[in-house]
Amino acid sequence: MAALAVTTFPVALIGLGAGRLRWPLLVLWIVLSGGFMALLALPGGGPDVIWGLPLGTALMLFVLAPVPFVLVCWTYAARFDLRAEDLERLRELRALQKEED
Amino acid sequence: MPILHRPLLVATALVYLLVNLAIGLWALRRTRTPKDFWIAGQGIGVLTTGLVTMAAAFSGFVFLGGPGLTYRIGLTSLFINLPIGFTSALLGWTVAKRLRLLAEVREVYTIPDALLCRFGSRVTSGTAAAAILVGTVGYLGTQLLALGRLLEAVLGLSPGAGVAIGLAVLLFYSVAGGALAGVYTDLFQGTLMILAAIAVFWCAMDVAGGLPGITASIAGSPRFGRQFLEPFGKTPVLTALGFYFVFGIGVLGQPQMLHKFFMIKDPRRLRWMPLTLGSSQILCLLIWLGLGLAVPALVAQGRLPALAQPDDAAPLFLLNFAPEMITGLAVAGILAAIMSTADAFMNIGSAVLVRDLPKALGRRVQRELLWGRLATVAVTLAAAGLAFVYDDLIALLGTFAFGTFGAALAPTLAVGLNWQRVTARAATASIATGTLLNLLLEFLGKQKLFPALPKPPLPPGALPTAISLAASFTVLLCVTALDRRRSSVALPADVTAVMEA
């Protein structure tokens with residue numbers, strides 16, 4: 001339960017901040033929660049798989065950090081939405097606010 | 001700390017300090033307004049933002065404490081770094097864009113400024129300012145102590161002289177150039193940190209026999225054993241999950257990082273912030289992984305005696321195994337990590353005294369630039385003085401300053417800047433709960449001054465900061481739910497536009 005909570009919570013916060021982001025968030029949640037479930041399910045970290053590292057540790061180093069990084073950085077850049085018109089509108093609001101003050 | 005007094009290291013440290021002084025001198029001529037002093041004139045690019053945010057976030061703990069912690073508890077320590085996969089984008093989605101856009105519509109230079117705009121409550125911004133001041137004293141005090149000890153070890157100085165030199169350099173560039181000097185020294189320092197981390201990682205892997213050799217040595221050693229390499233090793237699962245939660249979510253409340261988002265020139269460039277910040281953090285963390293694995297392997301191989309102090313892992317490796325050039329680079333990198341965090345807090349602490357607390361009291365300081373410079377001196381000398389007089393207490397405050405910031409500010413910023421229904425009362429209650437509960441739990445858990453006081457009643461392995469952070473989120477949501485039934489306050493049009501952008 002704690003593992004599910006700590007992996008779901010950041011995804012939920014991203015959802016709150018990012019709005020409509022279904023598939024990337026679902027993939028992120030599956031990677032994080034699935035990864036943590038696997039870590040917990042592997043007794044003693046599992047068998048050695050690469051360079052003498054237990055499977056669980058390899059999962060941490062080569063999946064649980066880099067995969068979310070690539071996924072969220074790419075998604076963030078691809079979905080980032082702030083146009084010149086939006087900024088112009090905000091600056092107009094600033095001018096209005098100054099007049100009111 | 002072992003003595004690092006060697007000619008090349010002395011020269012490296014002196015050149016490093018001189019470069020910082022030169023940047024301070026350069027920034028002095030360009031710092032003309034409070035905007036220059038607090039947010040570097042809001043004129044920096046996205047690559048610089050990423051690097052300086054990393055430099056401010058990563059203190060000497062990454063270079064010295066991280067390898068030491070790994071030596072002590074094994075690769076479970078990596079749960080602290082694991083959230084790096086999503087934290088930079090989490091920052092981007094939840095707070096960076098909102099904070100920067102608030103600075104577009106209002107005069108927002110600090111986190112309490114942003115909270116004042118969002119919630120329209122001086123109680124909320126004042127509570128946040130008080131929490132920031134407490135954390136700043138702890139963080140800054142520990143950085144100054146670490147800086148003094150490192151300079152003493154490198155320059156071969158008497159106790160106190162190292163702190164005096166470090167303080168003098170820090171004060172010169174921070175007072176003269178404020179955030180502008182902070183940004184460009186941090187850029188220099190962040191670059192050094194990355195170069196040092198890559199060089200030391202490569203050297204550590206090479207010296208200790210490559211990753212297969214390292215893991216074989218550790219797994220075959222009675223001292224460490226295979227458990228050292230396992231994800232949970234000897235550490236309780238709850239502690240590992242607590243690390244992940246605290247460092248994954250607590251990052252949203254770190255003012256030394258968030259403050260940098262006000263400084264970016266064009267908010268549209270924030271598109272690339274997670275990539276630049278995350279990449280620089282990953283590169284820097286190579287030193288943690290490299291030394292965290294290589295030093296136990298060298299001990300297991302009998303090439304290094306077992307460490308009496310785990311935090312000596314990095315200095316002992318550098319002294320005994322690294323070529324002098326790499327040691328010089330690493331010493332500069334460690335100095336950079338400490339000083340870049342310290343200068344960020346000097347600026348933030350001074351802003352609390354000159355902007356945030358007076359505004360919370362309904363006053364406005366005239367001649368803000370002058371008072372900002374004086375407050376930088378005051379906050380730094382106060383933190384240094386407290387760190388010397390109450391070194392145990394300040395070290396204690398420093399160790400849980402990250403958690404205090406996280407528990408105090410993360411819920412209000414992450415949820416409050418994205419959900420319009422969060423009320424000022426909820427934000428104030430959450431900030432107060434996070435700050436006080438974290439200070440109380442951490443103090444009770446670690447203090448030795450008053451033996452009669454009880455230990456906090458926490459489950460085995462539970463991190464006090466994780467409890468405080470969870471409690472702070474819970475209070476924010478519960479008070480918001482209660483307030484919804486009473487009344488709803490319309491937000492100003494510009495703040496609504498920022499939250500919907």
# chains A, B, ... in the order shown; residues from 1 in each chain; ligands from 1
>>> interface_residues(of="chain B", to="chain A", cutoff="7 Å", atoms="only C-alpha atoms", output="NGL selection string")
:B and (82-86 or 89-90 or 93-94 or 104-106 or 211-212 or 215-216 or 229-231 or 241 or 245 or 249 or 268 or 271-272 or 274-275 or 418 or 494)
>>> write_last_selection(atoms="C-alpha atoms", output="mmCIF file, in the first residue's frame")
data_model
loop_
_atom_site.group_PDB
_atom_site.id
_atom_site.type_symbol
_atom_site.label_atom_id
_atom_site.label_comp_id
_atom_site.auth_asym_id
_atom_site.auth_seq_id
_atom_site.Cartn_x
_atom_site.Cartn_y
_atom_site.Cartn_z
ATOM 1 C CA LEU B 82 15.382 7.642 -7.797
ATOM 2 C CA PRO B 83 12.697 10.382 -8.030
ATOM 3 C CA ILE B 84 15.097 12.364 -10.232
ATOM 4 C CA GLY B 85 13.323 10.579 -13.085
ATOM 5 C CA PHE B 86 10.221 12.722 -12.630
ATOM 6 C CA ALA B 89 8.977 17.692 -14.878
ATOM 7 C CA LEU B 90 6.864 17.600 -11.707
ATOM 8 C CA TRP B 93 4.014 21.111 -14.390
ATOM 9 C CA THR B 94 2.991 22.073 -10.895
ATOM 10 C CA GLU B 104 4.750 38.309 -15.188
ATOM 11 C CA VAL B 105 1.546 39.852 -13.800
ATOM 12 C CA ARG B 106 2.715 41.108 -10.395
ATOM 13 C CA LEU B 211 31.363 -2.331 -12.198
ATOM 14 C CA PRO B 212 31.691 -6.164 -12.422
ATOM 15 C CA THR B 215 30.067 -5.740 -7.323
ATOM 16 C CA ALA B 216 32.070 -8.976 -7.024
ATOM 17 C CA LEU B 229 23.823 -4.222 -3.451
ATOM 18 C CA GLU B 230 20.176 -5.112 -2.907
ATOM 19 C CA PRO B 231 17.474 -2.439 -3.241
ATOM 20 C CA LEU B 241 9.775 4.394 0.521
ATOM 21 C CA PHE B 245 8.317 10.200 -1.020
ATOM 22 C CA ILE B 249 7.533 15.473 -3.375
ATOM 23 C CA ARG B 268 8.079 30.050 -22.970
ATOM 24 C CA ARG B 271 9.557 24.080 -22.116
ATOM 25 C CA TRP B 272 13.168 22.864 -21.846
ATOM 26 C CA PRO B 274 12.942 19.753 -17.035
ATOM 27 C CA LEU B 275 15.434 18.487 -19.596
ATOM 28 C CA ASN B 418 -3.213 24.524 -9.459
ATOM 29 C CA ASP B 494 -4.777 38.039 -13.315
#
>>> residues_around(residues="Ser221 (chain B)", least_positions_apart="6", cutoff="10 Å", atoms="only C-alpha atoms", output="ChimeraX atom specification")
/B:215,228,296-297,299-302
>>> write_last_selection(atoms="N, CA and C atoms", output="short mmCIF file (atom, residue, chain, number, x, y, z; two decimals), in the first residue's frame")
data_model
loop_
_atom_site.label_atom_id
_atom_site.label_comp_id
_atom_site.auth_asym_id
_atom_site.auth_seq_id
_atom_site.Cartn_x
_atom_site.Cartn_y
_atom_site.Cartn_z
N THR B 215 31.17 -4.96 -7.92
CA THR B 215 30.07 -5.74 -7.32
C THR B 215 30.57 -7.08 -6.78
N PHE B 228 24.40 -5.37 0.52
CA PHE B 228 24.77 -3.99 0.22
C PHE B 228 24.24 -3.56 -1.15
N PRO B 296 33.38 1.24 -0.85
CA PRO B 296 33.20 -0.08 -0.19
C PRO B 296 33.98 -1.18 -0.92
N ALA B 297 34.04 -1.09 -2.25
CA ALA B 297 34.78 -2.12 -2.99
C ALA B 297 36.27 -2.06 -2.62
N VAL B 299 37.53 -0.98 0.17
CA VAL B 299 37.65 -1.50 1.54
C VAL B 299 37.59 -3.03 1.49
N ALA B 300 36.65 -3.54 0.69
CA ALA B 300 36.50 -5.00 0.58
C ALA B 300 37.75 -5.63 -0.02
N GLN B 301 38.39 -4.93 -0.93
CA GLN B 301 39.61 -5.45 -1.57
C GLN B 301 40.85 -5.29 -0.68
N GLY B 302 40.68 -4.64 0.48
CA GLY B 302 41.80 -4.44 1.39
C GLY B 302 42.73 -3.32 0.97
#
>>> select_by_dssp(residues="chain A", states="strand (DSSP E)", output="list in words")
Asp48, Val49, Ile50, Leu53 and Pro54 of chain A
>>> closest_residue(among="B:Leu9, B:Ile282, B:Ala199, B:Leu101", to="Met54 (chain B)", atoms="only C-alpha atoms")
B:Ile282
>>> select_by_dssp(residues="region 1-100 of chain A", states="alpha helix (DSSP H)", output="short mmCIF file (atom, residue, chain, number, x, y, z; two decimals) with C-alpha atoms, in the first residue's frame")
data_model
loop_
_atom_site.label_atom_id
_atom_site.label_comp_id
_atom_site.auth_asym_id
_atom_site.auth_seq_id
_atom_site.Cartn_x
_atom_site.Cartn_y
_atom_site.Cartn_z
CA ALA A 2 2.78 2.43 0.93
CA ALA A 3 4.61 1.62 -2.31
CA LEU A 4 1.45 2.24 -4.33
CA ALA A 5 0.87 5.49 -2.45
CA VAL A 6 4.35 6.90 -2.99
CA THR A 7 4.27 6.09 -6.71
CA THR A 8 0.70 7.23 -7.31
CA PHE A 9 1.00 10.52 -5.47
CA PRO A 10 3.53 12.22 -7.78
CA VAL A 11 1.57 11.05 -10.82
CA ALA A 12 -1.59 12.54 -9.31
CA LEU A 13 0.19 15.85 -8.68
CA ILE A 14 1.45 15.92 -12.26
CA GLY A 15 -2.13 15.27 -13.37
CA LEU A 16 -3.31 18.21 -11.25
CA GLY A 17 -0.72 20.53 -12.75
CA ALA A 18 -0.77 19.30 -16.32
CA ARG A 22 -4.00 10.61 -19.99
CA TRP A 23 -1.65 8.24 -21.76
CA PRO A 24 1.73 9.57 -20.62
CA LEU A 25 0.50 9.63 -17.02
CA LEU A 26 -0.88 6.13 -17.28
CA VAL A 27 2.44 4.87 -18.68
CA LEU A 28 4.34 6.73 -15.95
CA TRP A 29 2.13 5.26 -13.25
CA ILE A 30 2.51 1.75 -14.65
CA VAL A 31 6.31 2.06 -14.83
CA LEU A 32 6.63 3.46 -11.29
CA SER A 33 4.06 1.29 -9.56
CA GLY A 34 4.95 -1.84 -11.51
CA GLY A 35 8.63 -1.25 -10.82
CA PHE A 36 8.09 -0.81 -7.10
CA MET A 37 5.84 -3.84 -6.92
CA ALA A 38 8.56 -5.83 -8.67
CA LEU A 39 11.20 -4.54 -6.22
CA LEU A 40 9.06 -5.65 -3.29
CA ALA A 41 8.28 -9.00 -4.87
CA LEU A 55 17.68 -7.64 -10.76
CA GLY A 56 15.98 -5.20 -8.37
CA THR A 57 18.96 -2.85 -8.31
CA ALA A 58 19.32 -3.06 -12.09
CA LEU A 59 15.65 -2.17 -12.33
CA PRO A 66 15.81 6.82 -16.80
CA VAL A 67 12.48 5.67 -18.28
CA PRO A 68 10.33 8.19 -16.37
CA PHE A 69 12.94 10.87 -17.10
CA VAL A 70 12.77 10.39 -20.85
CA LEU A 71 8.99 10.00 -20.78
CA VAL A 72 8.15 13.07 -18.71
CA CYS A 73 10.78 15.38 -20.20
CA TRP A 74 9.62 14.51 -23.72
CA THR A 75 5.95 14.85 -22.77
CA TYR A 76 6.57 18.13 -20.97
CA ALA A 77 8.37 19.64 -23.95
CA ALA A 78 5.84 18.28 -26.44
CA ARG A 79 2.77 19.45 -24.50
CA ALA A 84 2.97 34.83 -27.22
CA GLU A 85 -0.75 35.78 -27.17
CA ASP A 86 -1.12 34.23 -23.70
CA LEU A 87 1.77 36.30 -22.41
CA GLU A 88 0.36 39.41 -24.04
CA ARG A 89 -2.96 38.81 -22.31
CA LEU A 90 -1.22 38.43 -18.96
CA ARG A 91 0.68 41.67 -19.51
CA GLU A 92 -2.58 43.45 -20.32
CA LEU A 93 -4.01 42.13 -17.07
CA ARG A 94 -0.96 43.46 -15.27
CA ALA A 95 -1.54 46.89 -16.76
CA LEU A 96 -5.19 46.76 -15.72
CA GLN A 97 -4.22 45.73 -12.20
CA LYS A 98 -1.80 48.66 -11.97
CA GLU A 99 -4.52 51.05 -13.06
CA GLU A 100 -6.87 49.66 -10.41
#
>>> atom_distance(atom1="CA of Arg421 (chain B)", atom2="CA of Cys478 (chain B)")
11.8 Å
>>> residues_around(residues="Leu187 (chain B)", least_positions_apart="4", cutoff="10 Å", atoms="only C-alpha atoms", output="short mmCIF file (atom, residue, chain, number, x, y, z; two decimals) with C-alpha atoms, in the first residue's frame")
data_model
loop_
_atom_site.label_atom_id
_atom_site.label_comp_id
_atom_site.auth_asym_id
_atom_site.auth_seq_id
_atom_site.Cartn_x
_atom_site.Cartn_y
_atom_site.Cartn_z
CA LEU B 47 20.13 26.32 -19.84
CA THR B 48 21.46 28.61 -17.14
CA THR B 49 18.22 28.17 -15.16
CA GLY B 50 18.62 24.40 -15.23
CA LEU B 51 22.25 24.50 -14.17
CA VAL B 52 21.86 27.07 -11.42
CA THR B 53 18.77 25.33 -10.04
CA MET B 54 20.77 22.11 -9.84
CA ALA B 55 23.71 23.94 -8.23
CA ALA B 56 21.47 25.52 -5.60
CA ALA B 181 26.20 37.34 -8.81
CA GLY B 182 24.57 34.23 -7.35
CA VAL B 183 23.36 33.12 -10.78
CA THR B 191 29.60 23.47 -14.43
CA LEU B 192 32.47 22.59 -12.09
CA MET B 193 30.22 20.24 -10.12
CA ALA B 336 31.15 24.87 -5.55
CA SER B 340 26.19 27.65 -4.56
#
>>> atom_distance(atom1="CA of Ser88 (chain B)", atom2="CA of Leu357 (chain B)")
29.5 Å
>>> atom_distance(atom1="CA of Val415 (chain B)", atom2="CA of Lys260 (chain B)")
19.8 Å
>>> residues_around(residues="Gly250 (chain B)", least_positions_apart="6", cutoff="8 Å", atoms="only C-alpha atoms", output="ChimeraX atom specification")
/B:402-403,405-407,410,469
>>> write_last_selection(atoms="N, CA and C atoms", output="PDB file, in the first residue's frame")
ATOM      1  N   PHE B 402      15.731  20.392   4.533  1.00  0.00           N
ATOM      2  CA  PHE B 402      15.065  19.987   3.293  1.00  0.00           C
ATOM      3  C   PHE B 402      13.637  19.533   3.595  1.00  0.00           C
ATOM      4  N   GLY B 403      13.525  18.697   4.628  1.00  0.00           N
ATOM      5  CA  GLY B 403      12.207  18.190   5.007  1.00  0.00           C
ATOM      6  C   GLY B 403      11.289  19.293   5.508  1.00  0.00           C
ATOM      7  N   PHE B 405      11.313  22.487   4.636  1.00  0.00           N
ATOM      8  CA  PHE B 405      10.817  23.228   3.470  1.00  0.00           C
ATOM      9  C   PHE B 405       9.749  22.423   2.732  1.00  0.00           C
ATOM     10  N   GLY B 406      10.041  21.136   2.553  1.00  0.00           N
ATOM     11  CA  GLY B 406       9.105  20.288   1.813  1.00  0.00           C
ATOM     12  C   GLY B 406       7.758  20.224   2.507  1.00  0.00           C
ATOM     13  N   ALA B 407       7.795  19.900   3.807  1.00  0.00           N
ATOM     14  CA  ALA B 407       6.536  19.749   4.552  1.00  0.00           C
ATOM     15  C   ALA B 407       5.795  21.076   4.654  1.00  0.00           C
ATOM     16  N   ALA B 410       5.535  22.494   0.102  1.00  0.00           N
ATOM     17  CA  ALA B 410       5.169  21.689  -1.075  1.00  0.00           C
ATOM     18  C   ALA B 410       3.654  21.583  -1.275  1.00  0.00           C
ATOM     19  N   LEU B 469       5.116  15.658   5.971  1.00  0.00           N
ATOM     20  CA  LEU B 469       4.702  16.026   4.609  1.00  0.00           C
ATOM     21  C   LEU B 469       3.281  15.509   4.342  1.00  0.00           C
TER      22      LEU B 469
END
>>> closest_residue(among="B:Ala351, B:Leu477, B:Ile80, B:Leu329", to="Gly416 (chain B)", atoms="only C-alpha atoms")
B:Leu477
>>> closest_residue(among="B:Val108, B:Thr404, B:Asn20, B:Ser121", to="Phe188 (chain B)", atoms="only C-alpha atoms")
B:Asn20
>>> residues_around(residues="Thr235 (chain B)", least_positions_apart="4", cutoff="9 Å", atoms="only C-alpha atoms", output="mmCIF file with C-alpha atoms, in the first residue's frame")
data_model
loop_
_atom_site.group_PDB
_atom_site.id
_atom_site.type_symbol
_atom_site.label_atom_id
_atom_site.label_comp_id
_atom_site.auth_asym_id
_atom_site.auth_seq_id
_atom_site.Cartn_x
_atom_site.Cartn_y
_atom_site.Cartn_z
ATOM 1 C CA ILE B 73 23.355 1.670 4.320
ATOM 2 C CA GLY B 74 24.213 0.331 0.864
ATOM 3 C CA THR B 76 19.138 1.674 -0.549
ATOM 4 C CA THR B 239 12.558 4.022 5.203
ATOM 5 C CA ALA B 240 13.321 3.441 1.517
ATOM 6 C CA GLY B 461 11.602 2.855 9.849
#
>>> decode(residues="region 260-332 of chain B", atoms="C-alpha atoms", output="compact mmCIF listing (two decimals), in the first residue's frame")
# COMPACT_ATOMS: atom_id res chain seq x y z
CA LYS B 260 15.34 30.45 -9.80
CA PHE B 261 12.14 30.11 -11.83
CA PHE B 262 11.37 33.80 -11.27
CA MET B 263 14.62 34.66 -13.00
CA ILE B 264 14.04 33.11 -16.42
CA LYS B 265 13.70 35.78 -19.11
CA ASP B 266 11.13 34.22 -21.42
CA PRO B 267 8.56 31.95 -19.70
CA ARG B 268 8.08 30.05 -22.97
CA ARG B 269 11.61 28.70 -22.60
CA LEU B 270 10.42 26.76 -19.56
CA ARG B 271 9.56 24.08 -22.12
CA TRP B 272 13.17 22.86 -21.85
CA MET B 273 13.63 23.37 -18.11
CA PRO B 274 12.94 19.75 -17.04
CA LEU B 275 15.43 18.49 -19.60
CA THR B 276 18.23 20.87 -18.59
CA LEU B 277 17.61 20.58 -14.86
CA GLY B 278 17.12 16.81 -14.86
CA SER B 279 20.13 16.12 -17.09
CA SER B 280 22.46 18.23 -14.96
CA GLN B 281 21.16 16.53 -11.81
CA ILE B 282 21.68 13.06 -13.26
CA LEU B 283 25.25 13.90 -14.30
CA CYS B 284 26.02 15.32 -10.87
CA LEU B 285 24.66 12.27 -9.09
CA LEU B 286 27.25 10.11 -10.84
CA ILE B 287 29.65 11.03 -8.02
CA TRP B 288 27.23 9.60 -5.44
CA LEU B 289 26.92 6.33 -7.34
CA GLY B 290 30.60 6.12 -8.30
CA LEU B 291 32.08 6.75 -4.85
CA GLY B 292 29.21 4.97 -3.12
CA LEU B 293 30.21 1.79 -4.95
CA ALA B 294 33.97 2.24 -5.33
CA VAL B 295 34.87 3.04 -1.71
CA PRO B 296 33.20 -0.08 -0.19
CA ALA B 297 34.78 -2.12 -2.99
CA LEU B 298 38.24 -0.73 -2.15
CA VAL B 299 37.65 -1.50 1.54
CA ALA B 300 36.50 -5.00 0.58
CA GLN B 301 39.61 -5.45 -1.57
CA GLY B 302 41.80 -4.44 1.39
CA ARG B 303 43.17 -1.40 -0.45
CA LEU B 304 41.55 1.06 1.96
CA PRO B 305 41.03 0.61 5.71
CA ALA B 306 37.45 0.49 6.94
CA LEU B 307 36.15 4.01 7.43
CA ALA B 308 35.76 5.35 10.95
CA GLN B 309 33.63 8.19 9.58
CA PRO B 310 31.51 7.23 6.53
CA ASP B 311 31.47 10.89 5.42
CA ASP B 312 35.22 10.60 4.82
CA ALA B 313 34.53 8.27 1.87
CA ALA B 314 34.97 10.99 -0.76
CA PRO B 315 38.04 12.76 0.71
CA LEU B 316 39.84 9.48 1.41
CA PHE B 317 39.23 8.20 -2.11
CA LEU B 318 40.43 11.47 -3.62
CA LEU B 319 43.57 11.56 -1.47
CA ASN B 320 44.58 7.95 -1.96
CA PHE B 321 43.42 6.95 -5.43
CA ALA B 322 42.59 9.89 -7.69
CA PRO B 323 45.19 11.70 -9.84
CA GLU B 324 45.96 15.12 -8.39
CA MET B 325 44.25 16.91 -11.28
CA ILE B 326 40.99 15.09 -10.59
CA THR B 327 41.35 15.69 -6.85
CA GLY B 328 41.78 19.39 -7.57
CA LEU B 329 38.72 19.41 -9.78
CA ALA B 330 36.74 17.49 -7.14
CA VAL B 331 37.78 19.85 -4.35
CA ALA B 332 36.64 22.78 -6.50
